[in-house]
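Chemist: Take a look at the following structure, please.
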Amino acid sequence: MTGREDAETVAALRRGDEATFAALVRRHQPAFQRIARVWVHDAGAAAEVVQDAWLAALEGLERFEERSSLRTWLYGIVVNTARAHGRAARRLVPMSALVADETGEAGPAVEAERFQPESHHWAGHWIDMPAPFPAPDRALERQELRAALEAAIAALPVLQQQVIVLCDVEGLTGEEACNILGVASTNQRVLLHRARSKVRAVLERHLTEGKQP
Amino acid sequence: MTGRQPTPNPIELVCQELVELVTEYLSGGLSPADRVRFEKHLLTCPPCTQYLAQIQSTRALAAELGPVAPSAPNGDDVDLKLADLFRRWHHKAD
Amino acid sequence: MTVAYKFLTRDATGPFSGSAWPLPTGAEPGAWIHADAGALELCGRGAHVCRPADLAYWLHDDLWEVEVDGDQITGIDCLIVRRARLVRRLDGWHKGGAAGRFGEACVAHALALVPAAAPARAYLDDATEAARYGYVAVAAFAAALSVAKATATGEGEEPAYRAERAWQSAWIARELAL
C-alpha cells in the first residue's frame, strides 16, 4: 500500500465506511492473529488481544501520522496490545531483558560437530553435504511440513519468534520489523539469524529423518 | 555473530563462518569485500551452496504460511463482532 | 575495454543474482543490460564481468563472451560496467570439454609444485578426487590452496594462492584463445 492509499483508507475509516474496515480486517486479520499468538499462547486470549488491537487502532487513528505505513503502525499496535495483556497477567518481561537474553544466546547456527575439527586439513568445513529439502509430493506431506514449521516457529523464544513472523511469514523488511518492535537494527538481524537457523535445523530433521541411507 | 571465531583467513571464508553470515548476506548487509568472499566460497563449496538453499527454502516455506490464518475461533463471529465494534466506535466519535 | 567474459548457469542466469541475461539471436548479440544513473559499485550498481585474469575465481556452467560499454570500475577480481550484452557462448568450455581438462591441468600443475611429503599434499589429493568426479571449481580451489600452503614464503599464503589462481586463469584464456 502506498502512502496515498493509506491516507485514503484512514479517511474512509474516519467517515465510518464499513466496507473499508471490513476489507482492512480481511487483509490483516491473519497477521494480527499470528502476532498475538507469539505473545499470548492461549487461543481465547489471543482473540481478545486481536479485538482490543482493532479497537486501539480505531481509537488511535487520529494519531496515525503517516510516518510509517499503516500496516507497520497497525502491527505495532498488536504487539503493544499483546504485551500489555501479558503485563496485566503479570507475565511481562521488559523488552530490554528479552533483547539481551535472546541476542546473547550461546550456540552457533549449526552445531560444531557438523564441521571438521581443528586437527583436520579442512578444519571448519562441512563433514557431510547438507541434504536438499525435498518438495513434498503429497498433500499429507505438505500438511505435516507446515505443521512442523508452525511448531518450530512456536517453539522459538518470543522475540525471535516475533521477528521471523514479521520478516519471513509476513514479508516485512528488517527496518519495518525494527519500527514495529522498537529494537535496533543490529539486534533485529541477530534475532532473525537465530530464529532462521533454528527453524532450518528443525525442518532439516523433519525432512531427512528416516531417509538416511 | 557467535559461533566459531576462527583466525581470519585471507584466502577463504570457512564454512563454519559462512553459516553465521547467511542472514547478513541475504539482507544485503555484508560489505562488498565480504560479499565477494562469501560468493567465491559458495562457488567452491557444494555443501554451503546446499545450506544456503535450505535457508532459502525455510524462508519460502515460512512465506507460504502468511496468507493462512492460524486456527482461530469461528470466523463469522469474529467478523460480526468487529463490524459491531467499528459501528460503536464511529458513533462515539461523531 | 570492450570485451569481457561472464560465467552463467546453464539457463544463462547470473549464479547469484538469478537474473536472466538476454540471449543472442542468430548472429545478433543479446540485448544490452544497463545500470541506471548513479555511481557504479562493487556488489551494487553495474554489470559484474570478468577480465581474463579473473576467470578462475568465478567458474560456472557456461562461459560467455560479453561486450561492455560506458564507464567502468575495477572490483575485486572483476570489472563493473555500465552496459553489457552477451555476444556468444564459448562452447569450448562446456561442450568442448575445456572445463574438465582445466580441472586436470590445475591438479597436474600443482603436483609439480607440491612435494609428495608436504602436509599440503592432502589438499591436492582432494583436488584430484574432485577433478575425477567433475567438481571443477572445487578441484581448482583445492589445488591452488595446496600450492599456496606448500610454497608460502614469509609474506604468507595469499600471494602464493593468488599467483596460482593467476596461472589457472591464464590456462583458460590460452585454451579458449581469449
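Lettering and numbering for the C-alpha cells are positional, with chains as A, B, ... in the shown order, residues counted from 1 in each chain, and ligands counted from 1 in the shown order.
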Please identify all polymer residues within 9 Å of Pro67 in chain B, counting only C-alpha atoms, omitting same-chain residues fewer than 2 positions from it, and present them as a ChimeraX atom specification.
Modeler: /A:27,30-31,169-170 /B:63-65,69
Chemist: Would you export the selected residues with C-alpha atoms as a short mmCIF file (atom, residue, chain, number, x, y, z; two decimals), in the first residue's frame, please?
Modeler:
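What ended up in result.cif:
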```cif
data_model
loop_
_atom_site.label_atom_id
_atom_site.label_comp_id
_atom_site.auth_asym_id
_atom_site.auth_seq_id
_atom_site.Cartn_x
_atom_site.Cartn_y
_atom_site.Cartn_z
CA ARG A 27 -6.36 -8.20 4.81
CA PRO A 30 -4.25 -13.46 9.78
CA ALA A 31 -1.23 -11.35 10.68
CA VAL A 169 5.98 -15.09 7.31
CA GLU A 170 4.54 -11.60 6.79
CA ALA B 63 6.16 -17.08 3.47
CA GLU B 64 3.56 -19.68 2.43
CA LEU B 65 2.18 -19.61 5.98
CA ALA B 69 -4.76 -17.64 9.32
#
```
Chemist: List every residue of chain A that has an atom at most 12 Å from any atom of chain C, and for each one report the closest atom pair and its distance in Å to one decimal, counting only C-alpha atoms, with rows sorted by chain and then by increasing residue number, as CSV.
Modeler:
```
residue,atom,partner,partner_atom,distance
A:His120,CA,C:Ala122,CA,10.0
A:His121,CA,C:Ala122,CA,7.3
A:Trp122,CA,C:Tyr123,CA,8.3
A:Ala123,CA,C:Tyr123,CA,11.9
```
Chemist: Could you build a table of the residues in chain A lying no more than 7 Å from chain B, giving for each the nearest pair of atoms and their separation in Å rounded to one decimal place, using only C-alpha atoms, ordered by chain and ascending residue number, as JSON lines?
Modeler:
```
{"residue": "A:Gly16", "atom": "CA", "partner": "B:His90", "partner_atom": "CA", "distance": 5.7}
{"residue": "A:Pro30", "atom": "CA", "partner": "B:Ala69", "partner_atom": "CA", "distance": 4.2}
{"residue": "A:Gln33", "atom": "CA", "partner": "B:Pro70", "partner_atom": "CA", "distance": 6.9}
{"residue": "A:Arg34", "atom": "CA", "partner": "B:Pro70", "partner_atom": "CA", "distance": 6.5}
{"residue": "A:Ala43", "atom": "CA", "partner": "B:Ala72", "partner_atom": "CA", "distance": 6.9}
{"residue": "A:Gly107", "atom": "CA", "partner": "B:Gly3", "partner_atom": "CA", "distance": 6.4}
{"residue": "A:Pro108", "atom": "CA", "partner": "B:Gly3", "partner_atom": "CA", "distance": 4.3}
{"residue": "A:Ala109", "atom": "CA", "partner": "B:Glu20", "partner_atom": "CA", "distance": 6.1}
{"residue": "A:Phe115", "atom": "CA", "partner": "B:Gln16", "partner_atom": "CA", "distance": 6.9}
{"residue": "A:Gly124", "atom": "CA", "partner": "B:Gln16", "partner_atom": "CA", "distance": 5.2}
{"residue": "A:His125", "atom": "CA", "partner": "B:Cys15", "partner_atom": "CA", "distance": 4.9}
{"residue": "A:Trp126", "atom": "CA", "partner": "B:Cys15", "partner_atom": "CA", "distance": 6.4}
{"residue": "A:Met129", "atom": "CA", "partner": "B:Pro47", "partner_atom": "CA", "distance": 4.7}
{"residue": "A:Pro130", "atom": "CA", "partner": "B:Pro47", "partner_atom": "CA", "distance": 5.9}
{"residue": "A:Pro132", "atom": "CA", "partner": "B:Gln50", "partner_atom": "CA", "distance": 6.3}
{"residue": "A:Phe133", "atom": "CA", "partner": "B:Gln54", "partner_atom": "CA", "distance": 6.3}
{"residue": "A:Asp168", "atom": "CA", "partner": "B:Ala63", "partner_atom": "CA", "distance": 5.6}
{"residue": "A:Val169", "atom": "CA", "partner": "B:Ala63", "partner_atom": "CA", "distance": 4.3}
{"residue": "A:Glu170", "atom": "CA", "partner": "B:Gly66", "partner_atom": "CA", "distance": 5.4}
{"residue": "A:Gly171", "atom": "CA", "partner": "B:Ala63", "partner_atom": "CA", "distance": 6.8}
{"residue": "A:His193", "atom": "CA", "partner": "B:Thr23", "partner_atom": "CA", "distance": 5.5}
{"residue": "A:Arg200", "atom": "CA", "partner": "B:Thr58", "partner_atom": "CA", "distance": 5.9}
```
Chemist: Could you state the separation of CA of Trp93 in chain C and CA of Leu63 in chain C in Å, given to one decimal place?
Modeler: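 It comes out at 6.3 Å.
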Chemist: Name the residues in contact with Pro32 in chain B at a cut-off of 7 Å, using only C-alpha atoms, excluding same-chain residues fewer than 2 positions from it; report them as a compact mmCIF listing (two decimals) with C-alpha atoms, in the first residue's frame.
Modeler:
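Result written to result.txt:
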```
# COMPACT_ATOMS: atom_id res chain seq x y z
CA LEU B 30 27.72 -7.69 4.10
CA ASP B 34 32.85 -9.84 2.47
CA ARG B 35 30.18 -10.49 -0.09
CA VAL B 36 32.82 -11.29 -2.70
CA LEU C 42 31.08 -3.39 -6.35
CA CYS C 43 28.19 -5.71 -5.45
```
Chemist: Any idea which chain B residues end up within 7 Å of chain C if we count only C-alpha atoms, as an mmCIF file with C-alpha atoms, in the first residue's frame please?
Modeler:
```cif
data_model
loop_
_atom_site.group_PDB
_atom_site.id
_atom_site.type_symbol
_atom_site.label_atom_id
_atom_site.label_comp_id
_atom_site.auth_asym_id
_atom_site.auth_seq_id
_atom_site.Cartn_x
_atom_site.Cartn_y
_atom_site.Cartn_z
ATOM 1 C CA PRO B 10 42.761 -14.005 3.837
ATOM 2 C CA ILE B 11 42.357 -16.734 1.264
ATOM 3 C CA PRO B 32 31.290 -5.662 -0.715
ATOM 4 C CA LYS B 40 33.644 -17.056 -4.083
ATOM 5 C CA LEU B 43 31.322 -21.462 -5.929
ATOM 6 C CA THR B 44 33.868 -23.872 -4.478
ATOM 7 C CA CYS B 45 31.671 -25.420 -1.796
#
```
Chemist: Which residues come within 12 Å of Trp171 in chain C, counting only C-alpha atoms, excluding same-chain residues fewer than 2 positions away, as an NGL selection string?
Modeler: :C and (52-56 or 93 or 98-99 or 101-106 or 109 or 140 or 164-169 or 173-178)
Chemist: Could you pull out the helix (DSSP H, G or I) residues of range 83-142 of chain C from DSSP and send them as an MDAnalysis selection string?
Modeler: chainID C and resid 98:113 121:132 136:142
Chemist: Which distance in Å separates CA of Leu181 in chain A and CA of Val202 in chain A, to one decimal?
Modeler: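 Between CA of Leu181 in chain A and CA of Val202 in chain A the gap works out to 25.6 Å.
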